[in-house]
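Source file: start_31.cif. Holds: mmCIF, C-alpha atoms and all ligand atoms.
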data_upload
#
loop_
_atom_site.label_atom_id
_atom_site.label_comp_id
_atom_site.auth_asym_id
_atom_site.auth_seq_id
_atom_site.Cartn_x
_atom_site.Cartn_y
_atom_site.Cartn_z
CA MET A 1 -43.19 77.43 215.94
CA ARG A 2 -45.26 74.81 214.17
CA ASP A 3 -42.22 73.60 212.20
CA THR A 4 -40.07 73.11 215.32
CA GLU A 5 -42.92 71.18 216.97
CA LYS A 6 -43.17 68.95 213.92
CA LYS A 7 -39.41 68.34 213.98
CA ARG A 8 -39.52 67.47 217.68
CA GLU A 9 -42.40 65.05 216.99
CA LYS A 10 -40.29 63.37 214.31
CA ARG A 11 -37.31 62.95 216.63
CA LEU A 12 -39.36 61.18 219.33
CA PRO A 13 -38.78 57.42 219.34
CA ILE A 14 -42.11 56.12 218.06
CA TYR A 15 -40.99 52.53 217.63
CA GLY A 16 -39.33 50.23 220.11
CA MET A 17 -40.29 48.67 223.42
CA ASP A 18 -43.34 49.58 225.50
CA ALA A 19 -45.22 47.87 228.35
CA LEU A 20 -47.33 45.73 225.99
CA GLY A 21 -44.15 44.76 224.14
CA VAL A 22 -42.52 43.56 227.38
CA PHE A 23 -45.70 41.61 228.24
CA LEU A 24 -45.79 39.90 224.81
CA LEU A 25 -42.09 39.02 225.07
CA LEU A 26 -42.54 37.52 228.56
CA LEU A 27 -45.56 35.54 227.30
CA TYR A 28 -43.43 34.27 224.41
CA ILE A 29 -40.63 33.21 226.80
CA ALA A 30 -43.21 31.45 229.03
CA ALA A 31 -44.66 29.62 226.01
CA SER A 32 -41.15 28.61 224.86
CA LEU A 33 -40.29 27.27 228.35
CA LEU A 34 -43.55 25.34 228.36
CA PHE A 35 -42.61 23.85 224.98
CA TRP A 36 -39.15 22.99 226.30
CA ILE A 37 -40.67 21.18 229.31
CA THR A 38 -43.66 19.47 227.70
CA ARG A 39 -42.36 19.02 224.12
CA SER A 40 -45.93 19.71 223.04
CA PHE A 41 -46.22 21.51 219.72
CA ILE A 42 -49.49 23.12 220.80
CA THR A 43 -47.43 25.68 222.77
CA GLN A 44 -45.66 26.63 219.51
CA PHE A 45 -49.02 27.60 218.00
CA PHE A 46 -49.17 30.28 220.71
CA ALA A 47 -45.49 31.19 220.81
CA ILE A 48 -44.98 31.89 217.09
CA PRO A 49 -47.89 34.37 216.67
CA LEU A 50 -46.76 36.09 219.90
CA VAL A 51 -43.26 36.75 218.58
CA VAL A 52 -44.66 37.84 215.19
CA ILE A 53 -47.03 40.37 216.87
CA PHE A 54 -44.17 41.52 219.12
CA LEU A 55 -41.83 42.16 216.16
CA LEU A 56 -44.56 43.88 214.08
CA ARG A 57 -45.33 46.20 217.02
CA PHE A 58 -41.63 46.76 217.76
CA PHE A 59 -40.94 48.19 214.29
CA SER A 60 -44.35 49.81 213.80
CA ARG A 61 -44.62 53.60 213.50
CA SER A 62 -48.42 53.52 213.63
CA PRO A 63 -50.21 55.77 216.18
CA TRP A 64 -52.38 52.73 216.98
CA ARG A 65 -49.43 51.20 218.79
CA ARG A 66 -49.57 53.85 221.54
CA ARG A 67 -53.36 53.44 221.81
CA GLU A 68 -53.02 49.63 222.19
CA ASN A 69 -50.49 50.17 224.98
CA GLU A 70 -52.85 52.60 226.79
CA ILE A 71 -55.72 50.08 226.58
CA PHE A 72 -53.40 47.39 227.94
CA LEU A 73 -52.25 49.60 230.86
CA ALA A 74 -55.72 50.89 231.91
CA PRO A 75 -56.73 47.93 234.17
CA ILE A 76 -53.19 47.60 235.57
CA ARG A 77 -53.10 51.25 236.68
CA PHE A 78 -56.25 50.56 238.72
CA ILE A 79 -54.46 48.05 241.04
CA PRO A 80 -52.14 50.47 242.97
CA GLU A 81 -55.04 52.97 243.29
CA THR A 82 -57.25 50.41 245.06
CA TRP A 83 -54.33 49.26 247.22
CA GLN A 84 -53.56 52.86 248.29
CA LEU A 85 -57.19 53.49 249.33
CA ALA A 86 -57.30 50.23 251.32
CA ARG A 87 -54.12 51.23 253.18
CA CYS A 88 -55.65 54.62 254.18
CA ARG A 89 -58.79 52.89 255.48
CA ARG A 90 -56.72 50.41 257.51
CA ARG A 91 -54.48 53.09 259.07
CA ASP A 92 -57.31 55.48 260.01
CA PRO A 93 -60.56 53.59 260.69
CA GLU A 94 -62.18 56.67 262.32
CA HIS A 95 -62.50 58.44 258.96
CA LEU A 96 -63.96 57.57 255.59
CA PHE A 97 -61.84 57.67 252.46
CA THR A 98 -62.95 58.16 248.90
CA ARG A 99 -61.47 59.37 245.64
CA CYS A 100 -62.33 62.59 243.83
CA PRO A 101 -64.15 61.45 240.66
CA SER A 102 -62.42 64.06 238.51
CA CYS A 103 -58.76 64.13 239.66
CA ARG A 104 -58.55 60.77 241.58
CA ARG A 105 -57.07 62.35 244.72
CA ILE A 106 -57.81 60.53 248.01
CA LEU A 107 -60.17 62.56 250.25
CA ARG A 108 -60.67 62.02 254.00
CA LEU A 109 -64.21 62.50 255.36
CA THR A 110 -65.72 62.35 258.86
CA ARG A 111 -68.12 59.55 259.68
CA GLU A 112 -71.34 61.59 259.97
CA ALA A 113 -74.26 59.79 258.39
CA GLY A 114 -76.16 61.44 255.54
CA VAL A 115 -75.67 62.84 252.08
CA ARG A 116 -72.85 65.38 251.88
CA GLU A 117 -71.57 67.73 249.24
CA VAL A 118 -67.80 67.28 249.02
CA VAL A 119 -65.46 69.87 247.47
CA CYS A 120 -62.11 68.53 246.33
CA PRO A 121 -59.27 70.75 247.68
CA ARG A 122 -57.09 70.06 244.66
CA CYS A 123 -59.38 70.54 241.65
CA ARG A 124 -62.40 72.26 243.29
CA ALA A 125 -64.80 69.70 241.82
CA THR A 126 -67.99 69.15 243.87
CA PHE A 127 -69.76 65.83 244.18
CA LEU A 128 -72.33 64.22 246.48
CA TYR A 129 -71.22 61.47 248.86
CA ARG A 130 -73.64 59.36 250.89
CA VAL A 131 -72.35 58.17 254.27
CA PRO A 132 -74.31 55.11 255.50
ZN ZN B 1 -60.28 66.57 242.58
#
Mind turning this structure into structure tokens?
Ligand SMILES: [Zn+2]
Amino acid sequence: MRDTEKKREKRLPIYGMDALGVFLLLLYIAASLLFWITRSFITQFFAIPLVVIFLLRFFSRSPWRRRENEIFLAPIRFIPETWQLARCRRRDPEHLFTRCPSCRRILRLTREAGVREVVCPRCRATFLYRVP
């Protein structure tokens, strides 16, 4: 069992393109276009290290590569979550909306003032929510 898991781990593509790689490549293209327009060599000081980092990451088999990508994606993942909550609040102004702190599911609450104990229907986590 352990051996087959190890073999599967080895077959997984651990090098190649990821979200941070795409971002670095786009930044490099932007810097190159800026150089093409302005003819300023300052842009090359940014463009060359960008392409070097991109290539090093592209062919890297280090587990740090995946970690770097997760750190890069963390603030970006937050954007659609906030947008989703704002849309719920706009569509149904008679209720309050919040997220479960443990599973991030959107929860709908009535507008009764006071401190309430909320139980998440998905993960059964309980937390206190204060309605102003
Ligand atoms: Zn939950």
Expected answer as a list in words: residues within 12 Å of ligand ZN 1 (chain B), only C-alpha atoms and all ligand atoms: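 For ligand ZN 1 (chain B), the residues inside 12 Å are Thr98, Arg99, Cys100, Pro101, Ser102, Cys103, Arg104, Arg105, Ile106, Leu107, Val118, Val119, Cys120, Pro121, Arg122, Cys123, Arg124, Ala125, Thr126 and Phe127 of chain A.
CA of Tyr28 (chain A) is found 5.2 Å from CA of Ala47 (chain A).
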Å distance separating CA of His95 (chain A) from CA of Val115 (chain A), one decimal place: 15.5 Å
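Note that CA of Leu50 (chain A) and CA of Arg67 (chain A) are 18.7 Å apart.
Counting all atoms listed in the file, Ala113 (chain A) has the following residues at most 12 Å away, ignoring those fewer than 4 positions along the same chain: His95, Leu96, Leu109, Tyr129, Arg130, Val131 and Pro132 of chain A.
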Which of A:Asn69, A:Ser62, A:Ser40, A:Thr110 sits closest to Leu24 (chain A) [using only C-alpha atoms]: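 Residue with the minimum atom-to-atom distance to Leu24 (chain A): A:Asn69.
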Non-local contacts of Cys88 (chain A) (9 Å; all atoms listed in the file; under 4 positions in same chain excluded) as a VMD selection string: chain A and resid 83 to 84 92 to 93 96 to 97 106 108
Residues near Leu20 (chain A), cut-off 10 Å, all atoms listed in the file, skip fewer than 4 positions along chain, as a PyMOL selection string: chain A and resi 24-26+54+57+65-66+68-73
Contacts of Leu34 (chain A) within 12 Å, all atoms listed in the file, excl. fewer than 6 positions in-chain, as JSON, numbers by chain: {"A": [27, 28, 40, 41, 42, 43, 44, 45, 46, 47]}
